[in-house]
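Accompanying notes for the structure given below.
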Amino acid sequence: MIREYSMENRGKEIKIVGILGGGQLARMTATAAYKLGLQIAILDPAPDSPAQQVTELKVVGPLNDISMIRKVASLSDILTLENEFVDASLLREVESDGVLIYPRADTLGLVQDKLLQKQLLDSNGIRVPRFMAVSEKEDVYKAGETLGWPLVLKARRNGYDGRGNALINGPSSVEDVWRRFEQTRIPLMVEEFVEFKKELAVMVARSSNGEVAVYPVVETIQKNHICHMVKAPAEISPESLENAKEIARKTIEVIDGVGIFGIEMFFLNDERILINELAPRPHNSGHYTIEACVTSQFENHVRAILGLPLGSTSMVLPTAVMVNLLGTRSGPVNIKGLRDALKIPGVSVHIYGKKTTRPGRKMGHVTVLANSIEEALDKATRAAKLISF
């Protein structure tokens, strides 16, 4: 059950939203909150994190330190999260102090453990790749006999952008992969390897009063396990688009989510759709919504946690393409090519304000809206190639 809350019925006016985590997602959430006249308080280990740069209300410290969480809570009227890596048990303690946190600790606890996440979805009739828990090396061999080879070995917690995942092609590969993961002491699981036609994603917002808003289904294109490009809407049949939206809607209700959630999916050759993973926060696949939709994922996240009416998720032009700007070297940031990229008509550039770059690090993104996916793709890729860090 949702604990209903709105700016009008809590007894005091909400003025300050605290965010646990200070990266680019928090920075873009802050921008959306400022539009609504709110202030933002940030907890992050880095004093010059992207979100710390845009607020005076900042707490510098580790995210999994309850004293730091309580400190930012003391500056805030409500808390939310930029990532799923804050331990749910700490959030339960803070909730017991009377602090309102969305998404709630129970929801986060289900999502941040991928095994619990898959078990919950599967038990509610939401299709996922076949999976098994593993606690010792012999369990992986047994899983291979049951699920077939290859398998994907996954850390149950704290994995993203391919980190914490490894492909096991067959029995001869188990020993080496297990040895690497065993040293982390993180609980593990395995999933069947899924041959998919496309990777899809859907952003879905659910308000603290139960209202739900579903964004267009998009196709995500990965390079080296990092999201490289998002094409909106996904080029699949109208029936599959509606099916993906309905799955996303059901998923957020099953986990009792409040706020914005990213639902990652596999679209199979036979047009079946499987849930890959959930992100209980703004998501890379939703960045296009800043320019492309009437209401961005970030604004609807703020609206959702405050119990405000959710905004329209309709696109303002038929298509959009978002391309991530990734680091290619290690060192201090020196942006090149921005002027030339902005000469391309219709290009929107977002630079995240990170002080250092490294290969594969998300430094910004480019979005282009157009009447055709071909035009948007051409302009977005040309602009992205011009910018380096």
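Chain labels follow the order of the structure tokens: the first chain is A, the next B, and so on; residue numbering restarts at 1 in every chain, and ligands are counted from 1 in their shown order.
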Going by DSSP on the backbone, which bits of region 120-342 of chain A are strand (DSSP E)? Write them as a ChimeraX atom specification, please.
/A:131-134,151-155,165-168,188-192,198-206,212-214,218-223,226-232,259-267,273-279,319-326,331-332
Can you list, as a PyMOL selection string, all residues belonging to region 138-333 of chain A that DSSP tags as alpha helix (DSSP H)?
chain A and resi 138-147+174-182+238-254+289-292+297-306
Could you save those same residues with N, CA and C atoms as a tab-separated table (two decimals), in the first residue's frame?
chain	number	residue	atom	x	y	z
A	138	GLU	N	29.78	-25.46	-7.66
A	138	GLU	CA	29.05	-26.62	-8.17
A	138	GLU	C	27.64	-26.24	-8.61
A	139	ASP	N	27.07	-25.18	-7.99
A	139	ASP	CA	25.73	-24.74	-8.37
A	139	ASP	C	25.70	-24.22	-9.81
A	140	VAL	N	26.82	-23.67	-10.25
A	140	VAL	CA	26.87	-23.13	-11.62
A	140	VAL	C	26.81	-24.29	-12.62
A	141	TYR	N	27.55	-25.38	-12.34
A	141	TYR	CA	27.49	-26.54	-13.23
A	141	TYR	C	26.07	-27.10	-13.30
A	142	LYS	N	25.40	-27.17	-12.13
A	142	LYS	CA	24.03	-27.68	-12.09
A	142	LYS	C	23.10	-26.76	-12.87
A	143	ALA	N	23.32	-25.44	-12.76
A	143	ALA	CA	22.49	-24.48	-13.50
A	143	ALA	C	22.67	-24.65	-14.99
A	144	GLY	N	23.91	-24.92	-15.42
A	144	GLY	CA	24.15	-25.14	-16.84
A	144	GLY	C	23.40	-26.35	-17.36
A	145	GLU	N	23.32	-27.41	-16.55
A	145	GLU	CA	22.57	-28.60	-16.96
A	145	GLU	C	21.08	-28.30	-17.05
A	146	THR	N	20.59	-27.40	-16.18
A	146	THR	CA	19.15	-27.10	-16.13
A	146	THR	C	18.75	-26.05	-17.16
A	147	LEU	N	19.54	-24.97	-17.21
A	147	LEU	CA	19.18	-23.82	-18.05
A	147	LEU	C	19.85	-23.88	-19.42
A	174	VAL	N	33.82	-22.18	-16.21
A	174	VAL	CA	33.27	-21.91	-14.88
A	174	VAL	C	34.36	-21.55	-13.88
A	175	GLU	N	35.44	-22.33	-13.88
A	175	GLU	CA	36.47	-22.15	-12.87
A	175	GLU	C	37.04	-20.74	-12.86
A	176	ASP	N	37.45	-20.24	-14.03
A	176	ASP	CA	38.06	-18.91	-14.10
A	176	ASP	C	37.08	-17.82	-13.70
A	177	VAL	N	35.85	-17.89	-14.20
A	177	VAL	CA	34.87	-16.85	-13.88
A	177	VAL	C	34.52	-16.89	-12.40
A	178	TRP	N	34.32	-18.07	-11.87
A	178	TRP	CA	33.95	-18.18	-10.45
A	178	TRP	C	35.05	-17.62	-9.55
A	179	ARG	N	36.30	-17.88	-9.91
A	179	ARG	CA	37.41	-17.39	-9.09
A	179	ARG	C	37.40	-15.86	-9.02
A	180	ARG	N	37.09	-15.21	-10.15
A	180	ARG	CA	37.04	-13.73	-10.16
A	180	ARG	C	35.92	-13.20	-9.27
A	181	PHE	N	34.77	-13.83	-9.33
A	181	PHE	CA	33.62	-13.34	-8.57
A	181	PHE	C	33.70	-13.72	-7.10
A	182	GLU	N	34.32	-14.86	-6.82
A	182	GLU	CA	34.39	-15.35	-5.44
A	182	GLU	C	35.08	-14.35	-4.52
A	238	PRO	N	2.87	-2.04	-33.37
A	238	PRO	CA	2.01	-1.35	-32.39
A	238	PRO	C	1.55	-2.28	-31.26
A	239	GLU	N	1.30	-3.54	-31.58
A	239	GLU	CA	0.89	-4.49	-30.55
A	239	GLU	C	2.00	-4.72	-29.53
A	240	SER	N	3.24	-4.82	-30.01
A	240	SER	CA	4.37	-5.02	-29.09
A	240	SER	C	4.63	-3.78	-28.26
A	241	LEU	N	4.45	-2.60	-28.86
A	241	LEU	CA	4.60	-1.36	-28.09
A	241	LEU	C	3.62	-1.33	-26.94
A	242	GLU	N	2.37	-1.67	-27.19
A	242	GLU	CA	1.36	-1.66	-26.13
A	242	GLU	C	1.65	-2.73	-25.10
A	243	ASN	N	2.12	-3.89	-25.55
A	243	ASN	CA	2.47	-4.96	-24.62
A	243	ASN	C	3.58	-4.53	-23.68
A	244	ALA	N	4.62	-3.87	-24.23
A	244	ALA	CA	5.73	-3.40	-23.39
A	244	ALA	C	5.26	-2.37	-22.38
A	245	LYS	N	4.38	-1.47	-22.79
A	245	LYS	CA	3.86	-0.47	-21.86
A	245	LYS	C	3.06	-1.11	-20.74
A	246	GLU	N	2.25	-2.11	-21.08
A	246	GLU	CA	1.43	-2.78	-20.06
A	246	GLU	C	2.31	-3.54	-19.08
A	247	ILE	N	3.37	-4.18	-19.58
A	247	ILE	CA	4.32	-4.86	-18.70
A	247	ILE	C	4.96	-3.87	-17.74
A	248	ALA	N	5.36	-2.70	-18.26
A	248	ALA	CA	5.98	-1.68	-17.42
A	248	ALA	C	5.02	-1.19	-16.34
A	249	ARG	N	3.78	-0.97	-16.73
A	249	ARG	CA	2.78	-0.52	-15.76
A	249	ARG	C	2.58	-1.56	-14.65
A	250	LYS	N	2.46	-2.82	-15.05
A	250	LYS	CA	2.25	-3.87	-14.06
A	250	LYS	C	3.46	-4.01	-13.14
A	251	THR	N	4.65	-3.87	-13.72
A	251	THR	CA	5.88	-4.03	-12.95
A	251	THR	C	5.97	-3.02	-11.82
A	252	ILE	N	5.72	-1.75	-12.11
A	252	ILE	CA	5.87	-0.74	-11.07
A	252	ILE	C	4.81	-0.90	-9.98
A	253	GLU	N	3.65	-1.42	-10.36
A	253	GLU	CA	2.62	-1.67	-9.35
A	253	GLU	C	2.98	-2.87	-8.47
A	254	VAL	N	3.56	-3.90	-9.07
A	254	VAL	CA	3.96	-5.09	-8.31
A	254	VAL	C	5.00	-4.75	-7.25
A	289	THR	N	13.73	12.42	-22.87
A	289	THR	CA	12.45	13.04	-22.50
A	289	THR	C	12.59	14.52	-22.14
A	290	ILE	N	13.80	14.98	-21.84
A	290	ILE	CA	13.98	16.39	-21.48
A	290	ILE	C	13.50	17.30	-22.60
A	291	GLU	N	13.93	17.00	-23.82
A	291	GLU	CA	13.49	17.78	-24.97
A	291	GLU	C	12.31	17.14	-25.70
A	292	ALA	N	12.23	15.80	-25.70
A	292	ALA	CA	11.33	15.12	-26.61
A	292	ALA	C	9.91	14.95	-26.08
A	297	GLN	N	11.34	12.92	-17.68
A	297	GLN	CA	11.36	11.90	-16.62
A	297	GLN	C	11.72	12.53	-15.27
A	298	PHE	N	12.56	13.55	-15.29
A	298	PHE	CA	13.02	14.16	-14.04
A	298	PHE	C	11.90	14.96	-13.38
A	299	GLU	N	11.16	15.72	-14.17
A	299	GLU	CA	10.05	16.47	-13.59
A	299	GLU	C	8.96	15.53	-13.09
A	300	ASN	N	8.66	14.47	-13.83
A	300	ASN	CA	7.63	13.55	-13.36
A	300	ASN	C	8.09	12.78	-12.14
A	301	HIS	N	9.40	12.57	-11.98
A	301	HIS	CA	9.89	11.96	-10.74
A	301	HIS	C	9.58	12.87	-9.56
A	302	VAL	N	9.90	14.14	-9.70
A	302	VAL	CA	9.62	15.10	-8.62
A	302	VAL	C	8.12	15.18	-8.35
A	303	ARG	N	7.34	15.29	-9.41
A	303	ARG	CA	5.88	15.34	-9.24
A	303	ARG	C	5.38	14.09	-8.51
A	304	ALA	N	5.90	12.94	-8.89
A	304	ALA	CA	5.43	11.67	-8.33
A	304	ALA	C	5.69	11.58	-6.84
A	305	ILE	N	6.90	11.92	-6.40
A	305	ILE	CA	7.21	11.78	-4.98
A	305	ILE	C	6.49	12.82	-4.14
A	306	LEU	N	6.09	13.93	-4.76
A	306	LEU	CA	5.36	14.97	-4.03
A	306	LEU	C	3.84	14.80	-4.11
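For Ser135 (chain A), the set of protein, DNA and RNA residues having any atom at most 8 Å away, when counting only C-alpha atoms and skipping those fewer than 4 positions along the same chain, is Asp139, Pro187, Leu188 and Met189 of chain A.
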Take the residues from that selection and put them in a file with N, CA and C atoms, as a PDB file, in the first residue's frame.
ATOM      1  N   ASP A 139      27.073 -25.181  -7.990  1.00  0.00           N
ATOM      2  CA  ASP A 139      25.730 -24.736  -8.372  1.00  0.00           C
ATOM      3  C   ASP A 139      25.697 -24.222  -9.807  1.00  0.00           C
ATOM      4  N   PRO A 187      26.795 -11.955  -2.988  1.00  0.00           N
ATOM      5  CA  PRO A 187      25.927 -13.065  -3.400  1.00  0.00           C
ATOM      6  C   PRO A 187      25.704 -13.064  -4.914  1.00  0.00           C
ATOM      7  N   LEU A 188      25.585 -14.264  -5.484  1.00  0.00           N
ATOM      8  CA  LEU A 188      25.539 -14.408  -6.932  1.00  0.00           C
ATOM      9  C   LEU A 188      24.280 -15.141  -7.383  1.00  0.00           C
ATOM     10  N   MET A 189      23.981 -15.006  -8.674  1.00  0.00           N
ATOM     11  CA  MET A 189      22.910 -15.741  -9.321  1.00  0.00           C
ATOM     12  C   MET A 189      23.326 -15.998 -10.761  1.00  0.00           C
TER      13      MET A 189
END
Compile the contact shell of Asp113 (chain A) as a PyMOL selection string: residues with an atom at most 12 Å away, counting only C-alpha atoms, same-chain residues fewer than 5 positions apart removed.
chain A and resi 84-88+106-108+118-120+133+154-159+186-189+277-280
Would you save the residues from that selection as a PDB file, in the first residue's frame, using N, CA and C atoms?
ATOM      1  N   GLU A  84      20.525   3.017  -6.776  1.00  0.00           N
ATOM      2  CA  GLU A  84      19.960   1.953  -5.957  1.00  0.00           C
ATOM      3  C   GLU A  84      20.979   1.322  -5.027  1.00  0.00           C
ATOM      4  N   PHE A  85      22.081   2.010  -4.751  1.00  0.00           N
ATOM      5  CA  PHE A  85      23.171   1.413  -4.000  1.00  0.00           C
ATOM      6  C   PHE A  85      23.183   1.783  -2.521  1.00  0.00           C
ATOM      7  N   VAL A  86      22.226   2.579  -2.071  1.00  0.00           N
ATOM      8  CA  VAL A  86      22.108   2.869  -0.639  1.00  0.00           C
ATOM      9  C   VAL A  86      21.407   1.685   0.008  1.00  0.00           C
ATOM     10  N   ASP A  87      22.006   1.118   1.039  1.00  0.00           N
ATOM     11  CA  ASP A  87      21.459  -0.093   1.629  1.00  0.00           C
ATOM     12  C   ASP A  87      20.060   0.149   2.181  1.00  0.00           C
ATOM     13  N   ALA A  88      19.132  -0.726   1.796  1.00  0.00           N
ATOM     14  CA  ALA A  88      17.736  -0.555   2.199  1.00  0.00           C
ATOM     15  C   ALA A  88      17.563  -0.602   3.704  1.00  0.00           C
ATOM     16  N   ASP A 106      11.371  -0.636   1.420  1.00  0.00           N
ATOM     17  CA  ASP A 106      10.947  -1.987   1.041  1.00  0.00           C
ATOM     18  C   ASP A 106      11.029  -2.180  -0.471  1.00  0.00           C
ATOM     19  N   THR A 107      10.627  -1.165  -1.222  1.00  0.00           N
ATOM     20  CA  THR A 107      10.723  -1.249  -2.682  1.00  0.00           C
ATOM     21  C   THR A 107      12.179  -1.356  -3.111  1.00  0.00           C
ATOM     22  N   LEU A 108      13.021  -0.507  -2.547  1.00  0.00           N
ATOM     23  CA  LEU A 108      14.435  -0.525  -2.925  1.00  0.00           C
ATOM     24  C   LEU A 108      15.071  -1.863  -2.577  1.00  0.00           C
ATOM     25  N   LYS A 118      13.851 -10.686  -9.477  1.00  0.00           N
ATOM     26  CA  LYS A 118      13.375 -11.655 -10.460  1.00  0.00           C
ATOM     27  C   LYS A 118      12.333 -12.597  -9.851  1.00  0.00           C
ATOM     28  N   GLN A 119      12.535 -12.993  -8.612  1.00  0.00           N
ATOM     29  CA  GLN A 119      11.570 -13.874  -7.960  1.00  0.00           C
ATOM     30  C   GLN A 119      10.214 -13.203  -7.836  1.00  0.00           C
ATOM     31  N   LEU A 120      10.200 -11.923  -7.476  1.00  0.00           N
ATOM     32  CA  LEU A 120       8.936 -11.199  -7.331  1.00  0.00           C
ATOM     33  C   LEU A 120       8.232 -11.062  -8.673  1.00  0.00           C
ATOM     34  N   ALA A 133      19.580 -19.135  -8.110  1.00  0.00           N
ATOM     35  CA  ALA A 133      20.567 -18.660  -7.142  1.00  0.00           C
ATOM     36  C   ALA A 133      21.745 -19.626  -7.117  1.00  0.00           C
ATOM     37  N   LYS A 154      25.798 -13.327 -12.454  1.00  0.00           N
ATOM     38  CA  LYS A 154      25.545 -11.943 -12.047  1.00  0.00           C
ATOM     39  C   LYS A 154      25.731 -11.764 -10.548  1.00  0.00           C
ATOM     40  N   ALA A 155      26.344 -10.638 -10.190  1.00  0.00           N
ATOM     41  CA  ALA A 155      26.298 -10.200  -8.795  1.00  0.00           C
ATOM     42  C   ALA A 155      24.872  -9.749  -8.505  1.00  0.00           C
ATOM     43  N   ARG A 156      24.331 -10.190  -7.383  1.00  0.00           N
ATOM     44  CA  ARG A 156      22.948  -9.843  -7.062  1.00  0.00           C
ATOM     45  C   ARG A 156      22.784  -8.368  -6.700  1.00  0.00           C
ATOM     46  N   ARG A 157      23.863  -7.716  -6.314  1.00  0.00           N
ATOM     47  CA  ARG A 157      23.785  -6.316  -5.901  1.00  0.00           C
ATOM     48  C   ARG A 157      24.898  -5.507  -6.550  1.00  0.00           C
ATOM     49  N   ASN A 158      24.611  -4.205  -6.718  1.00  0.00           N
ATOM     50  CA  ASN A 158      25.631  -3.196  -7.050  1.00  0.00           C
ATOM     51  C   ASN A 158      26.264  -3.352  -8.429  1.00  0.00           C
ATOM     52  N   GLY A 159      25.591  -3.977  -9.354  1.00  0.00           N
ATOM     53  CA  GLY A 159      26.109  -4.062 -10.718  1.00  0.00           C
ATOM     54  C   GLY A 159      25.406  -3.074 -11.626  1.00  0.00           C
ATOM     55  N   ILE A 186      30.225 -11.081  -2.868  1.00  0.00           N
ATOM     56  CA  ILE A 186      28.869 -10.615  -3.128  1.00  0.00           C
ATOM     57  C   ILE A 186      28.015 -11.816  -3.529  1.00  0.00           C
ATOM     58  N   PRO A 187      26.795 -11.955  -2.988  1.00  0.00           N
ATOM     59  CA  PRO A 187      25.927 -13.065  -3.400  1.00  0.00           C
ATOM     60  C   PRO A 187      25.704 -13.064  -4.914  1.00  0.00           C
ATOM     61  N   LEU A 188      25.585 -14.264  -5.484  1.00  0.00           N
ATOM     62  CA  LEU A 188      25.539 -14.408  -6.932  1.00  0.00           C
ATOM     63  C   LEU A 188      24.280 -15.141  -7.383  1.00  0.00           C
ATOM     64  N   MET A 189      23.981 -15.006  -8.674  1.00  0.00           N
ATOM     65  CA  MET A 189      22.910 -15.741  -9.321  1.00  0.00           C
ATOM     66  C   MET A 189      23.326 -15.998 -10.761  1.00  0.00           C
ATOM     67  N   GLU A 277      16.158  -5.918 -16.296  1.00  0.00           N
ATOM     68  CA  GLU A 277      16.419  -5.369 -14.962  1.00  0.00           C
ATOM     69  C   GLU A 277      15.575  -4.122 -14.740  1.00  0.00           C
ATOM     70  N   LEU A 278      15.462  -3.733 -13.473  1.00  0.00           N
ATOM     71  CA  LEU A 278      14.737  -2.531 -13.082  1.00  0.00           C
ATOM     72  C   LEU A 278      15.703  -1.525 -12.471  1.00  0.00           C
ATOM     73  N   ALA A 279      15.443  -0.253 -12.710  1.00  0.00           N
ATOM     74  CA  ALA A 279      16.214   0.824 -12.084  1.00  0.00           C
ATOM     75  C   ALA A 279      15.231   1.723 -11.341  1.00  0.00           C
ATOM     76  N   PRO A 280      15.323   1.819 -10.014  1.00  0.00           N
ATOM     77  CA  PRO A 280      14.350   2.588  -9.228  1.00  0.00           C
ATOM     78  C   PRO A 280      14.718   4.071  -9.134  1.00  0.00           C
TER      79      PRO A 280
END
Give me the residues near region 327-340 of chain A as a VMD selection string, where near means some atom within 7 Å (using only C-alpha atoms) and where sequence neighbours in that chain fewer than 6 positions away do not count.
chain A and resid 355 to 363 386 to 389
Residues as selected, N, CA and C atoms, written as a compact mmCIF listing (two decimals), in the first residue's frame, can you do that?
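Dumped to again10.txt:
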# COMPACT_ATOMS: atom_id res chain seq x y z
N LYS A 355 34.56 16.66 -13.33
CA LYS A 355 35.87 17.30 -13.38
C LYS A 355 36.95 16.43 -14.02
N THR A 356 36.75 15.12 -13.98
CA THR A 356 37.73 14.21 -14.59
C THR A 356 37.01 13.24 -15.51
N THR A 357 37.74 12.75 -16.50
CA THR A 357 37.18 11.79 -17.45
C THR A 357 38.00 10.51 -17.41
N ARG A 358 37.38 9.44 -17.86
CA ARG A 358 38.07 8.16 -18.03
C ARG A 358 37.33 7.38 -19.10
N PRO A 359 37.97 6.38 -19.71
CA PRO A 359 37.31 5.64 -20.78
C PRO A 359 35.98 5.04 -20.32
N GLY A 360 34.93 5.31 -21.10
CA GLY A 360 33.61 4.76 -20.80
C GLY A 360 32.80 5.55 -19.81
N ARG A 361 33.35 6.59 -19.21
CA ARG A 361 32.59 7.37 -18.22
C ARG A 361 31.56 8.25 -18.94
N LYS A 362 30.35 8.30 -18.41
CA LYS A 362 29.29 9.13 -19.01
C LYS A 362 29.54 10.59 -18.66
N MET A 363 29.87 11.37 -19.70
CA MET A 363 30.25 12.77 -19.51
C MET A 363 29.14 13.73 -19.94
N LEU A 386 31.68 14.94 -32.75
CA LEU A 386 32.46 16.19 -32.70
C LEU A 386 32.94 16.52 -31.29
N ILE A 387 32.25 16.00 -30.27
CA ILE A 387 32.54 16.40 -28.88
C ILE A 387 33.44 15.38 -28.22
N SER A 388 34.49 15.87 -27.58
CA SER A 388 35.38 14.98 -26.82
C SER A 388 35.77 15.67 -25.52
N PHE A 389 36.27 14.86 -24.59
CA PHE A 389 36.62 15.37 -23.25
C PHE A 389 38.08 15.11 -22.92
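Closest approach to Pro62 (chain A) from the set A:Ile42, A:Ala383, A:Ala32, A:Gly364 is made by A:Ile42, with distances taken over only C-alpha atoms.
Separating CA of His225 (chain A) from CA of Ile255 (chain A) is a distance of 25.7 Å.
Using only C-alpha atoms, the smallest distance between any of A:Pro171, A:Pro129, A:Gly307, A:Gly164 and Glu191 (chain A) comes from A:Pro129.
A straight line drawn from CA of Leu36 (chain A) to CA of Gly262 (chain A) is 22.9 Å long.
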Long-range neighbours of Val152 (chain A) as a ChimeraX atom specification, 9 Å cut-off, only C-alpha atoms, 6 positions minimum in chain
/A:165-169,189-193
Filtering to N, CA and C atoms, could you give me those residues as an mmCIF file, in the first residue's frame?
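Just written: again_12.cif:
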data_model
loop_
_atom_site.group_PDB
_atom_site.id
_atom_site.type_symbol
_atom_site.label_atom_id
_atom_site.label_comp_id
_atom_site.auth_asym_id
_atom_site.auth_seq_id
_atom_site.Cartn_x
_atom_site.Cartn_y
_atom_site.Cartn_z
ATOM 1 N N ASN A 165 28.689 -8.610 -14.137
ATOM 2 C CA ASN A 165 28.149 -9.666 -15.004
ATOM 3 C C ASN A 165 29.287 -10.349 -15.749
ATOM 4 N N ALA A 166 29.132 -11.628 -16.010
ATOM 5 C CA ALA A 166 30.124 -12.343 -16.814
ATOM 6 C C ALA A 166 29.437 -13.473 -17.553
ATOM 7 N N LEU A 167 29.814 -13.657 -18.820
ATOM 8 C CA LEU A 167 29.277 -14.734 -19.635
ATOM 9 C C LEU A 167 30.112 -15.989 -19.427
ATOM 10 N N ILE A 168 29.426 -17.100 -19.159
ATOM 11 C CA ILE A 168 30.091 -18.405 -19.033
ATOM 12 C C ILE A 168 29.656 -19.252 -20.223
ATOM 13 N N ASN A 169 30.560 -19.494 -21.147
ATOM 14 C CA ASN A 169 30.211 -20.174 -22.389
ATOM 15 C C ASN A 169 29.942 -21.661 -22.206
ATOM 16 N N MET A 189 23.981 -15.006 -8.674
ATOM 17 C CA MET A 189 22.910 -15.741 -9.321
ATOM 18 C C MET A 189 23.326 -15.998 -10.761
ATOM 19 N N VAL A 190 22.609 -16.877 -11.433
ATOM 20 C CA VAL A 190 22.848 -17.093 -12.853
ATOM 21 C C VAL A 190 21.532 -16.939 -13.602
ATOM 22 N N GLU A 191 21.655 -16.520 -14.863
ATOM 23 C CA GLU A 191 20.501 -16.436 -15.751
ATOM 24 C C GLU A 191 20.837 -17.136 -17.060
ATOM 25 N N GLU A 192 19.805 -17.614 -17.708
ATOM 26 C CA GLU A 192 20.015 -18.134 -19.049
ATOM 27 C C GLU A 192 20.451 -17.001 -19.978
ATOM 28 N N PHE A 193 21.261 -17.317 -20.958
ATOM 29 C CA PHE A 193 21.651 -16.337 -21.964
ATOM 30 C C PHE A 193 20.506 -16.197 -22.966
#
